[in-house]
Amino acid sequence: MAAKRRKIRKNRTTFRWFLFSLCLCVSAVNLSCSSKPTDLRTLVPAETLVYLETNDLAAALQPIVDAKPFREVAKSKPDFSALKGVQLAVAITGFETSEEKLTDEHSVGRVQPRFVAVAETHAWNYQANAFAEQKLGSFVREIYDSEPTLEKSDKNGGKYFKWTATDGRKAYALVIESLIYFGNDETAIDKCLAVKRGESDSIIKTGKIPTASLETLASGYISTDGIAQIANIIGLKYASEIGEDSEVQSAIAGILPTLLRNSLSSISWTSTNTGQRVEDKYLISMPPDVANIFNETMVSQGENFVAKDFAMVPPDASSATLYNFKDPLVAWRSVLLVAANQTDPSTGKIIAEFSRFFLEPYGVRDPEGFIEQLDHRITTIKFDDDGEKVVVISRLPFVIVETNQKKERRFENLPATIEPDVPAPVQGNFRVFVSGNSALKAAINEEIILGDSDSVSKCMTLTDGGKGFSDIAGSFSDNFSGSKGSILTVGKDAETPEQLINFFSGRKNRDSIAPSPFATETRFTKSGMERKTTSDFGLIGLIIAQLNQD
């Protein structure tokens with residue numbers, strides 16, 4: 001019998017719960033009245049695994065509909081004025097996994113977060129109660145696709161609502177004065193109430209979440225325990241996608257979570273509006289030994305990122321990443337070293353063996369031998385979401401030799417999947433090598449362009465004055481002016497604008513929706529890793545788009 005295949009699938013209902021928590025009051029009447037803002041951190045428990053907050057829901061959502069890709073195609077622009085001043089915090093206190101058997105050999109794994117959303121409406125109590133019963137009730141009825149039973153009671157100093165679907169699923173809400181607690185787990189609400197009564201510590205006690213500045217649209221935090229639980233979910237997800245071999249699946253499900261848990265301590269995020277785009281900053285804390293290794297080995301060469309670095313990236317590429325390491329081979333080895341150090345010796349050997357296949361999509365069987373010859377600036381390009389059509393570009397050292405009184409360049413250690421002994425035709429300024437099955441190609445002049453054959457050909461056409469991604473990269477020049485980070489990714493997001501327009505408005509015509517550009521800079525510090533992403537819609541827009549799609 002074939003090995004049982006486990007597949008972790010994101011549950012549509014789960015995402016709709018979470019989406020509603022983020023956009024709790026989008027369809028509400030104007031509830032807000034003036035009052036002093038509440039410190040949302042005082043309302044959720046210290047053991048929260050994942051925390052998100054915004055002190056002004058209208059301000060957090062406005063950049064999405066103000067973005068050019070949205071304005072040009074959307075049928076209408078939503079009015080968020082009713083949400084001005086509405087505060088929202090979302091706390092995930094745990095995850096539940098379950099398995100639904102489809103056949104004797106296949107099953108579907110489901111992951112559902114236990115969460116509570118706390119909305120400070122700054123409204124009168126009767127308004128908040130009416131909103132909970134009518135708006136929340138309508139939403140619960142929609143996601144359950146049936147008329148749930150509603151129980152109302154006076155509890156915990158407020159009005160308590162409990163909806164029960166015909167299949168037993170439940171949702172809860174509690175209204176106390178202007179506050180609305182809403183979630184899919186009764187114990188999560190109880191934990192928040194214990195904090196409110198002073199019986200347990202709030203998340204402020206952890207000291208990990210500073211007060212949000214006035215410029216912050218939204219912010220978030222994932223704790224060490226949260227990373228551990230999410231790591232397990234990620235491990236199962238990737239194991240299910242790796243193939244049918246149960247031993248390989250088991251290895252991935254065990255190794256990947258261990259690496260993530262031991263390499264990451266916490267993650268914090270802030271989102272701000274730059275006026276033109278949204279800027280999301282991520283601070284990824286690592287254990288001191290891991291952070292120190294990466295801080296020393298992932299050192300930037302020190303040169304600024306410039307738009308022309310992306311001139312050889314074809315316009316139809318989805319993204320391109322420029323690595324600007326002082327010593328690429330040292331950087332590569334440090335990743336393997338950290339991976340080995342965070343696991344046991346036997347697992348470390350497995351990781352070292354597996355690393356030989358990491359660059360196979362580019363046609364490289366000996367990563368160290370290949371990376372050792374590359375220039376300090378290396379560009380990788382993706383043409384598809386699956387990562388099957390990829391290209392790597394970098395300068396290669398060469399020697400000049402004379403043959404038959406003619407000087408020519410000679411390169412050593414070409415990728416093992418490319419046959420260097422096969423006569424190399426000349427195409428333009430390139431000598432071209434093609435693999436036996438024609439799936440891979442290497443084009444060499446002052447640079448080597450290596451990877452998917454068709455994609456390499458596209459890159460070759462841009463050597464004579466083509467602009468490629470230069471225009472896109474140039475549009476972010478103000479955001480990364482003077483930047484000397486280690487890694488810069490520039491790309492185009494074709495799905496997010498479509499999903500956001502469908503969610504908030506719908507199209508005004510049949511015109512195609514232009515992809516939304518983005519850029520992400522990564523640098524390494526003594527405490528971990530810093531990432532800065534600049535885009536039209538930000539992480540909030542990305543979450544809403546993804547959840548709407550699923």
# chains A, B, ... in the order shown; residues from 1 in each chain; ligands from 1

call {"tool": "select_by_dssp", "arguments": {"residues": "range 106-300 of chain A", "states": "alpha helix (DSSP H)", "output": "PyMOL selection string"}}
result
chain A and resi 125-131+137-144+186-196+224-241+246-263+288-297

call {"tool": "residues_around", "arguments": {"residues": "Arg356 in chain A", "least_positions_apart": "4", "cutoff": "7 Å", "atoms": "only C-alpha atoms", "output": "ChimeraX atom specification"}}
result
/A:365-367

call {"tool": "write_last_selection", "arguments": {"atoms": "C-alpha atoms", "output": "PDB file, in the first residue's frame"}}
result
ATOM      1  CA  ARG A 365      25.810  19.871  -8.916  1.00  0.00           C
ATOM      2  CA  ASP A 366      28.801  21.196  -7.019  1.00  0.00           C
ATOM      3  CA  PRO A 367      27.608  24.325  -5.176  1.00  0.00           C
TER       4      PRO A 367
END

call {"tool": "closest_residue", "arguments": {"among": "A:Pro361, A:Ser202, A:Val434, A:Ser486", "to": "Phe305 in chain A", "atoms": "only C-alpha atoms"}}
result
A:Ser486

call {"tool": "residues_around", "arguments": {"residues": "range 127-136 of chain A", "least_positions_apart": "5", "cutoff": "8 Å", "atoms": "only C-alpha atoms", "output": "VMD selection string"}}
result
chain A and resid 28 31 121 159 161 173 175 177 to 180

call {"tool": "residues_around", "arguments": {"residues": "Thr274 in chain A", "least_positions_apart": "4", "cutoff": "10 Å", "atoms": "only C-alpha atoms", "output": "ChimeraX atom specification"}}
result
/A:63,215,278-279,479,534

call {"tool": "closest_residue", "arguments": {"among": "A:Asn262, A:Lys237, A:Ile203, A:Ala171", "to": "Ser250 in chain A", "atoms": "only C-alpha atoms"}}
result
A:Lys237

call {"tool": "closest_residue", "arguments": {"among": "A:Gln276, A:Thr522, A:Ser435, A:Ser505", "to": "Ser475 in chain A", "atoms": "only C-alpha atoms"}}
result
A:Gln276

call {"tool": "residues_around", "arguments": {"residues": "Val44 in chain A", "least_positions_apart": "4", "cutoff": "9 Å", "atoms": "only C-alpha atoms", "output": "PyMOL selection string"}}
result
chain A and resi 40+48+51+89-91+116+118+189+191-193+195-196+201-204

call {"tool": "write_last_selection", "arguments": {"atoms": "C-alpha atoms", "output": "PDB file, in the first residue's frame"}}
result
ATOM      1  CA  LEU A  40      -4.385  47.485  23.296  1.00  0.00           C
ATOM      2  CA  THR A  48      -0.077  35.195  23.283  1.00  0.00           C
ATOM      3  CA  TYR A  51      -0.145  39.494  18.189  1.00  0.00           C
ATOM      4  CA  ALA A  89      -5.939  43.804  18.431  1.00  0.00           C
ATOM      5  CA  VAL A  90      -5.797  40.167  17.362  1.00  0.00           C
ATOM      6  CA  ALA A  91      -4.231  37.573  19.650  1.00  0.00           C
ATOM      7  CA  VAL A 116      -9.575  36.452  19.994  1.00  0.00           C
ATOM      8  CA  VAL A 118     -10.483  42.795  20.695  1.00  0.00           C
ATOM      9  CA  ILE A 189     -11.705  35.377  25.677  1.00  0.00           C
ATOM     10  CA  LYS A 191      -7.694  34.746  29.232  1.00  0.00           C
ATOM     11  CA  CYS A 192      -8.230  38.323  28.059  1.00  0.00           C
ATOM     12  CA  LEU A 193     -10.749  38.910  30.845  1.00  0.00           C
ATOM     13  CA  VAL A 195      -5.827  40.199  32.193  1.00  0.00           C
ATOM     14  CA  LYS A 196      -8.501  42.896  32.438  1.00  0.00           C
ATOM     15  CA  ASP A 201      -0.089  39.491  33.115  1.00  0.00           C
ATOM     16  CA  SER A 202      -0.715  41.311  29.864  1.00  0.00           C
ATOM     17  CA  ILE A 203       1.596  41.084  26.881  1.00  0.00           C
ATOM     18  CA  ILE A 204       3.264  44.302  28.068  1.00  0.00           C
TER      19      ILE A 204
END

call {"tool": "residues_around", "arguments": {"residues": "Arg169 in chain A", "least_positions_apart": "6", "cutoff": "9 Å", "atoms": "only C-alpha atoms", "output": "list in words"}}
result
Tyr144, Trp163 and Asn184 of chain A

call {"tool": "select_by_dssp", "arguments": {"residues": "range 248-450 of chain A", "states": "strand (DSSP E or B)", "output": "JSON, numbers by chain"}}
result
{"A": [266, 267, 268, 269, 270, 271, 272, 273, 278, 279, 280, 281, 282, 283, 284, 285, 300, 319, 320, 321, 322, 323, 324, 325, 377, 378, 379, 380, 381, 382, 390, 391, 392, 393, 394, 395, 399, 400, 401, 402, 403, 406, 407, 408, 409, 410, 426, 427, 430, 431, 432, 433, 434, 440, 441, 442, 443, 444, 447, 448, 449, 450]}

call {"tool": "closest_residue", "arguments": {"among": "A:Thr380, A:Thr496, A:Thr270, A:Asn437", "to": "Val456 in chain A", "atoms": "only C-alpha atoms"}}
result
A:Thr380

call {"tool": "closest_residue", "arguments": {"among": "A:Glu120, A:Ala194, A:Gly235, A:Ser138", "to": "Asn156 in chain A", "atoms": "only C-alpha atoms"}}
result
A:Ala194

call {"tool": "closest_residue", "arguments": {"among": "A:Ser455, A:Thr347, A:Pro148, A:Ser268", "to": "Pro210 in chain A", "atoms": "only C-alpha atoms"}}
result
A:Ser268

call {"tool": "residues_around", "arguments": {"residues": "Gly94 in chain A", "least_positions_apart": "6", "cutoff": "7 Å", "atoms": "only C-alpha atoms", "output": "VMD selection string"}}
result
chain A and resid 49 113 to 114
